[in-house]
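Participant: Here it is, the structure, as structure tokens.
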Amino acid sequence: MKVKCYVRAATSLALLLLAVAAAFAQGTREDYARAERFLQWNIRKLVFDADVTPRWMEGGERFWYRKLGRGGKEFLLVDAAKKTRAPAFDHARLAAALSKAASREYKPSGLPFDTFEFVQQNAAIRFDLENARWTCTLAAYECTREEVPPRQEGLSPDRRWQAFVRAFNLWIRSVANGQEIQLTRDGEKYYDYATRLPSVRLMIEQRTEDVRQSPAVFWSPDSQKLITYRIDSRNASRFTVTQYAPPDRLRPVSFSYAYPLPGEYLSKAEPMIFDVQSGRRIAVETQPLDIFFTGGPGFLWTRDSKRFRFTFFERAYKAVELREVDAATGAVRGLFSERSETFVDPGKFAVRYLLEGDELLVASERDGWNHLYLYDGKTAQLKNQVTKGNWAVRAVDRIDEKTRQVYFLASGREPNEDPYQAHLYRINFDGTDLRPLTPENANHGVSFSPSGAYFVDRYSRPDLPGVSVLRRGTDGEVLLELEKTDAELLLKTGWKFPEPFRGTARDAKTDIYGLIWRPTNFDPSKKYPVIEQIYTGPQSFFVPKTFAAYGNTAQAVAELGFIVVQVDGMGTSGRSKAFHNFSYKNLGDGGIDDHIALLRQMAARYPYLDLTRAGIYGTSAGGYDAAHAMLTHPDFYKVGVSISGNHDQRMDKAWWNELWMGYPVGEHYREQSNITLAPKLEGRLLLVHGDLDDNVNVSETLQFVNALIKANKDFDMLIVPNQYHGEGGNTYLVRRRWDYFVRNLLGVTPPAGYEIKRGETTAGN
């Protein structure tokens with residue numbers, strides 16, 4: 001009898017536990033619905049951004065901008081001199097006039113265009129709509145329609161000649177009489193003129209590897225000459241992508257494309273000049289230019305059409321030279337050069353031409369920080385360093401040659417601020433009289449009027465909704481507040497601002513920064529698993545510095561019952577050259593030890609962070625990071641999702657990896673490969689990759705999979721048909737990523753068959 005009682009009691013307890021577990025599992029459907037509400041397309045319905053993009057009108061004192069508010073779309077006109085702001089036109093009358101002319105109803109708050117131009121001396125506006133061009137007068141409010149002429153590509157500035165490519169050769173056609181002139185005759189496939197290396201997306205859209213593109217020509221301002229190049233990709237290594245489930249057939253379709261790997265042969269571009277009247281070809285006296293990926297080189301003419309300039313990067317970006325070409329002879333001279341033992345960051349190196357090239361303003365990291373230098377454009381001699389200090393110039397926004405002043409964005413100069421936040425400054429060419437123009441403790445972005453008398457300043461922080469103001473150009477004084485981000489509806493959901501967090505790196509002295517997201521039903525008495533959203537690519541920094549509630553996946557993930565974090569460790573951009581150099585030949589480190597150090601500091605301050613249940617996910621280089629963190633720190637990261645990961649730098653694009661990992665390819669490439677480290681996998685790992693990914697070929701994930709199989713490791717994999725790089729808004733992949741963490745980090749069975757609706761909200765107000 002006692003045995004039966006024990007059995008009956010045990011059975012009852014088991015059923016009770018199952019019922020509790022089932023109830024808890026069913027409860028996650030509500031979490032999923034709440035998480036869905038915080039996906040980008042849904043959260044945009046709750047936030048009305050203050051991001052003003054001014055469209056300056058002739059004269060430079062007035063501009064219009066588009067506002068998206070609770071009432072819909074509105075166009076506003078600002079008179080900077082008068083400090084006024086009003087509707088750009090009568091929206092109701094325009095909607096009525098357009099509805100009548102188009103025989104289709106349009107609402108004043110939903111006009112069917114996002115941009116327009118003032119015409120007829122500002123007495124009318126013109127916009128494009130459904131392959132037609134419309135003009136609406138602003139007095140009588142009458143709208144007329146005209147057909148948009150076919151786009152003419154390759155036109156000369158005087159519109160007399162049109163360049164085009166036929167059968168791999170370059171031609172020009174007279175617009176007046178249609179006469180055609182063949183400029184080259186020896187073009188062939190993979191050794192052709194005036195084309196760019198195409199992407200797989202273009203091949204698939206056009207269903208051919210011989211993609212038709214606009215001609216790659218650069219006309220002189222006087223229309224007498226053009227620059228082009230001949231690309232030699234005959235010996236370039238190629239990848240193939242296979243569309244296994246094309247929408248229009250059952251048989252798979254494959255496409256081949258040039259994709260050099262580190263250390264391999266690069267396609268070459270041979271620049272040349274053509275005289276239009278004579279058809280004479282003038283060779284440019286330079287070695288062929290390396291083509292690191294798709295596309296082709298660029299050139300910039302001087303206004304007098306006598307010279308043009310281009311930037312020559314040495315392979316692996318250890319050196320760069322600015323070169324100038326005599327358009328009559330093809331003779332080349334160097335204007336400026338820079339060399340580094342590690343890399344010259346192409347994202348920072350920039351040149352601005354003053355007085356048509358008599359002077360050069362160059363951005364360089366030569367003193368350990370990104371700063372501006374003034375050069376004599378004729379002698380190529382340094383005149384003086386313009387900016388200096390332990391802070392970094394981020395961008396040049398305006399140059400006033402008359403007053404010899406430069407306006408620029410920089411970060412890291414203001415004390416007691418996040419060093420990644422950008423502010424606007426002004427300084428004289430000789431390096432004197434440095435003045436800050438945007439004092440608010442926030443990240444600033446600016447747009448100057450053509451005259452420079454005014455600028456629009458947009459500023460925010462992750463924990464400060466955006467503000468847009470009109471400022472005076474000379475001193476930054478606020479003249480007019482334009483917009484404030486309306487986040488009231490978002491805040492009513494219980495959403496809280498992500499928390500900026502500052503701590504120290506593994507060396508216990510270098511400041512590093514992160515963000516923390518909590519669920520809207522956060523309970524500090526509970527313990528929460530922690531998920532890190534990771535991307536450590538050295539080309540930039542990635543922890544958000546602006547208010548962009550809808551631009552990140554973290555909040556949605558947090559709603560499932562997690563604390564989500566993002567960290568920028570050592571090796572990312574935006575700070576000193578030494579900080580950045582940490583990543584050189586060291587992508588395998590990725591600053592992950594810094595990330596873990598900061599996470600432990602977060603947990604010390606907030607005990608509800610359960611670091612015994614830590615997960616990680618990322619895409620592209622972040623996909624490599626997520627898997628790599630699992631392999632190198634299995635005691636910390638227990639669950640990971642790797643999306644489109646470049647798991648072995650030897651298999652990824654030459655330009656990116658040679659830049660950060662060095663050239664020639666060394667043993668460190670193999671040592672830092674996830675393929676090499678596959679036997680170290682201990683946790684639960686989901687690998688996701690699209691079959692059409694031409695950025696990171698799916699073979700990288702499959703090579704990693706092969707290594708995991710050889711090491712007898714358990715893992716999960718999802719290869720997605722018709723998917724390009726990353727998740728790309730694929731709601732099925734978003735849900736599968738959520739499921740993986742819910743199942744393996746929370747220990748809960750996800751709601752069966754949950755379907756995320758693109759652009760729909762499932763949770764109530």
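Here's how to read the names in the structure tokens: chain A, B, ... by the order shown, residue numbers from 1 in each chain, ligand numbers from 1 in the order shown.
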Looking only at strand (DSSP E) from DSSP on the backbone, list the matching residues of segment 211-373 of chain A as a PyMOL selection string.
Facilitator: chain A and resi 218-219+225-232+238-243+253-258+267-275+281-283+289-291+300-301+307-313+319-326+332-339+350-354+359-364+371-373
Participant: Please save C-alpha atoms of the selected residues as a PDB file, in the first residue's frame.
Facilitator:
```pdb
ATOM      1  CA  PHE A 218      34.497  60.359 -65.397  1.00  0.00           C
ATOM      2  CA  TRP A 219      33.879  63.299 -67.728  1.00  0.00           C
ATOM      3  CA  LYS A 225      37.913  64.365 -72.135  1.00  0.00           C
ATOM      4  CA  LEU A 226      36.872  61.384 -70.081  1.00  0.00           C
ATOM      5  CA  ILE A 227      38.681  59.049 -67.732  1.00  0.00           C
ATOM      6  CA  THR A 228      37.942  55.364 -67.584  1.00  0.00           C
ATOM      7  CA  TYR A 229      39.850  52.152 -66.985  1.00  0.00           C
ATOM      8  CA  ARG A 230      40.211  48.616 -68.214  1.00  0.00           C
ATOM      9  CA  ILE A 231      39.718  45.937 -65.560  1.00  0.00           C
ATOM     10  CA  ASP A 232      41.728  42.734 -65.826  1.00  0.00           C
ATOM     11  CA  ARG A 238      36.335  33.409 -58.039  1.00  0.00           C
ATOM     12  CA  PHE A 239      33.590  32.160 -55.771  1.00  0.00           C
ATOM     13  CA  THR A 240      30.322  30.569 -56.815  1.00  0.00           C
ATOM     14  CA  VAL A 241      26.969  30.999 -55.151  1.00  0.00           C
ATOM     15  CA  THR A 242      24.142  28.638 -55.954  1.00  0.00           C
ATOM     16  CA  GLN A 243      20.526  29.656 -55.686  1.00  0.00           C
ATOM     17  CA  VAL A 253      21.174  28.336 -60.665  1.00  0.00           C
ATOM     18  CA  SER A 254      24.829  29.203 -60.034  1.00  0.00           C
ATOM     19  CA  PHE A 255      26.722  32.485 -60.406  1.00  0.00           C
ATOM     20  CA  SER A 256      30.463  33.035 -60.397  1.00  0.00           C
ATOM     21  CA  TYR A 257      32.057  36.278 -59.222  1.00  0.00           C
ATOM     22  CA  ALA A 258      35.549  37.626 -58.606  1.00  0.00           C
ATOM     23  CA  SER A 267      41.944  42.255 -60.281  1.00  0.00           C
ATOM     24  CA  LYS A 268      43.698  45.281 -61.784  1.00  0.00           C
ATOM     25  CA  ALA A 269      42.349  48.518 -63.216  1.00  0.00           C
ATOM     26  CA  GLU A 270      44.406  50.296 -65.894  1.00  0.00           C
ATOM     27  CA  PRO A 271      43.348  53.980 -65.957  1.00  0.00           C
ATOM     28  CA  MET A 272      43.338  55.920 -69.225  1.00  0.00           C
ATOM     29  CA  ILE A 273      42.154  59.197 -70.734  1.00  0.00           C
ATOM     30  CA  PHE A 274      40.248  59.684 -73.989  1.00  0.00           C
ATOM     31  CA  ASP A 275      40.088  62.881 -75.985  1.00  0.00           C
ATOM     32  CA  ARG A 281      43.870  57.441 -75.937  1.00  0.00           C
ATOM     33  CA  ILE A 282      46.294  58.828 -73.352  1.00  0.00           C
ATOM     34  CA  ALA A 283      47.843  56.308 -70.970  1.00  0.00           C
ATOM     35  CA  LEU A 289      45.314  49.880 -59.481  1.00  0.00           C
ATOM     36  CA  ASP A 290      44.306  46.959 -57.273  1.00  0.00           C
ATOM     37  CA  ILE A 291      40.584  46.180 -57.149  1.00  0.00           C
ATOM     38  CA  LEU A 300      38.312  63.696 -59.358  1.00  0.00           C
ATOM     39  CA  TRP A 301      38.785  66.392 -62.015  1.00  0.00           C
ATOM     40  CA  ARG A 307      44.245  67.712 -64.180  1.00  0.00           C
ATOM     41  CA  PHE A 308      42.620  65.015 -62.115  1.00  0.00           C
ATOM     42  CA  ARG A 309      43.498  63.218 -58.912  1.00  0.00           C
ATOM     43  CA  PHE A 310      43.125  59.788 -57.432  1.00  0.00           C
ATOM     44  CA  THR A 311      44.164  57.928 -54.293  1.00  0.00           C
ATOM     45  CA  PHE A 312      46.571  55.020 -54.571  1.00  0.00           C
ATOM     46  CA  PHE A 313      46.490  52.509 -51.725  1.00  0.00           C
ATOM     47  CA  ALA A 319      50.732  53.123 -47.445  1.00  0.00           C
ATOM     48  CA  VAL A 320      48.641  55.621 -49.372  1.00  0.00           C
ATOM     49  CA  GLU A 321      49.569  58.263 -51.922  1.00  0.00           C
ATOM     50  CA  LEU A 322      47.497  61.071 -53.370  1.00  0.00           C
ATOM     51  CA  ARG A 323      48.387  61.398 -57.058  1.00  0.00           C
ATOM     52  CA  GLU A 324      47.715  64.095 -59.632  1.00  0.00           C
ATOM     53  CA  VAL A 325      47.606  63.490 -63.385  1.00  0.00           C
ATOM     54  CA  ASP A 326      48.235  65.894 -66.251  1.00  0.00           C
ATOM     55  CA  VAL A 332      51.650  61.546 -62.710  1.00  0.00           C
ATOM     56  CA  ARG A 333      53.092  63.268 -59.651  1.00  0.00           C
ATOM     57  CA  GLY A 334      52.640  62.501 -55.971  1.00  0.00           C
ATOM     58  CA  LEU A 335      50.999  65.173 -53.832  1.00  0.00           C
ATOM     59  CA  PHE A 336      50.998  63.476 -50.466  1.00  0.00           C
ATOM     60  CA  SER A 337      51.887  60.081 -49.000  1.00  0.00           C
ATOM     61  CA  GLU A 338      51.422  58.343 -45.690  1.00  0.00           C
ATOM     62  CA  ARG A 339      52.887  55.077 -44.379  1.00  0.00           C
ATOM     63  CA  ALA A 350      40.817  61.994 -46.261  1.00  0.00           C
ATOM     64  CA  VAL A 351      41.989  64.923 -48.391  1.00  0.00           C
ATOM     65  CA  ARG A 352      40.230  68.213 -49.074  1.00  0.00           C
ATOM     66  CA  TYR A 353      41.496  70.500 -51.853  1.00  0.00           C
ATOM     67  CA  LEU A 354      41.786  74.234 -51.146  1.00  0.00           C
ATOM     68  CA  GLU A 359      46.693  73.704 -50.619  1.00  0.00           C
ATOM     69  CA  LEU A 360      45.638  70.357 -49.187  1.00  0.00           C
ATOM     70  CA  LEU A 361      43.914  69.633 -45.889  1.00  0.00           C
ATOM     71  CA  VAL A 362      44.805  66.077 -44.925  1.00  0.00           C
ATOM     72  CA  ALA A 363      43.533  63.846 -42.117  1.00  0.00           C
ATOM     73  CA  SER A 364      46.276  61.658 -40.659  1.00  0.00           C
ATOM     74  CA  HIS A 371      44.225  65.121 -36.888  1.00  0.00           C
ATOM     75  CA  LEU A 372      44.281  67.674 -39.698  1.00  0.00           C
ATOM     76  CA  TYR A 373      47.411  68.863 -41.489  1.00  0.00           C
TER      77      TYR A 373
END
```
Participant: Which residues, written as a list in words, have at least one atom at most 9 Å from Tyr454 of chain A, with only C-alpha atoms counted and residues fewer than 3 positions away on the same chain left out?
Facilitator: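 My list of contacting residues is Gly60, Glu61, Ala80, Ala81, Ser447, Phe448, Ser449, Pro450, Ser451, Leu470, Arg471, Arg472, Gly473, Thr474 and Gly476 of chain A.
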Participant: Between atom CA of Gln213 of chain A and atom CA of Lys189 of chain A, what is the distance in Å, rounded to a tenth?
Facilitator: 14.2 Å
Participant: Which residues are near Ala92 of chain A? Cut-off 7 Å, only C-alpha atoms, ignore same chain within fewer than 3 positions. Put them as a list in words.
Facilitator: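 Listed by chain and then number, they are Ala95, Ala96 and Pro108 of chain A.
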Participant: For Tyr407 of chain A, which residue out of A:Glu700, A:Glu209, A:Asp652, A:Asp475 is the nearest one, using only C-alpha atoms?
Facilitator: A:Asp475
Participant: Between A:Gly357, A:Asn722, A:Tyr740, A:Tyr550, single out the one closest to Gln40 of chain A, counting only C-alpha atoms.
Facilitator: A:Tyr550
Participant: Which is closer to Ala548 of chain A than all the others in A:Glu147, A:Glu74, A:Asp463, A:Glu153, using only C-alpha atoms?
Facilitator: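 Of all the options, A:Asp463 lies closest to Ala548 of chain A.
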Participant: Between A:Ala35, A:Leu111, A:Ala176, A:Leu599, which one has atoms that come closest to Asn521 of chain A, using only C-alpha atoms?
Facilitator: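 Result for the nearest residue to Asn521 of chain A: A:Ala35.
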Participant: Hey, can you check how far atom CA of Tyr32 of chain A sits from atom CA of Glu755 of chain A?
Facilitator: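 One can read the atom CA of Tyr32 of chain A to atom CA of Glu755 of chain A distance as 9.5 Å.
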Participant: Based on DSSP run over this structure's backbone, return all residues of segment 192-398 of chain A in alpha helix (DSSP H), as a VMD selection string.
Facilitator: chain A and resid 200 to 206
Participant: Can you list, as number ranges by chain, every protein, DNA or RNA residue that comes within 6 Å of segment 484-500 of chain A when you count only C-alpha atoms, leaving out same-chain residues fewer than 6 positions away?
Facilitator: A: 46-50, 463, 465-467, 514-517, 520
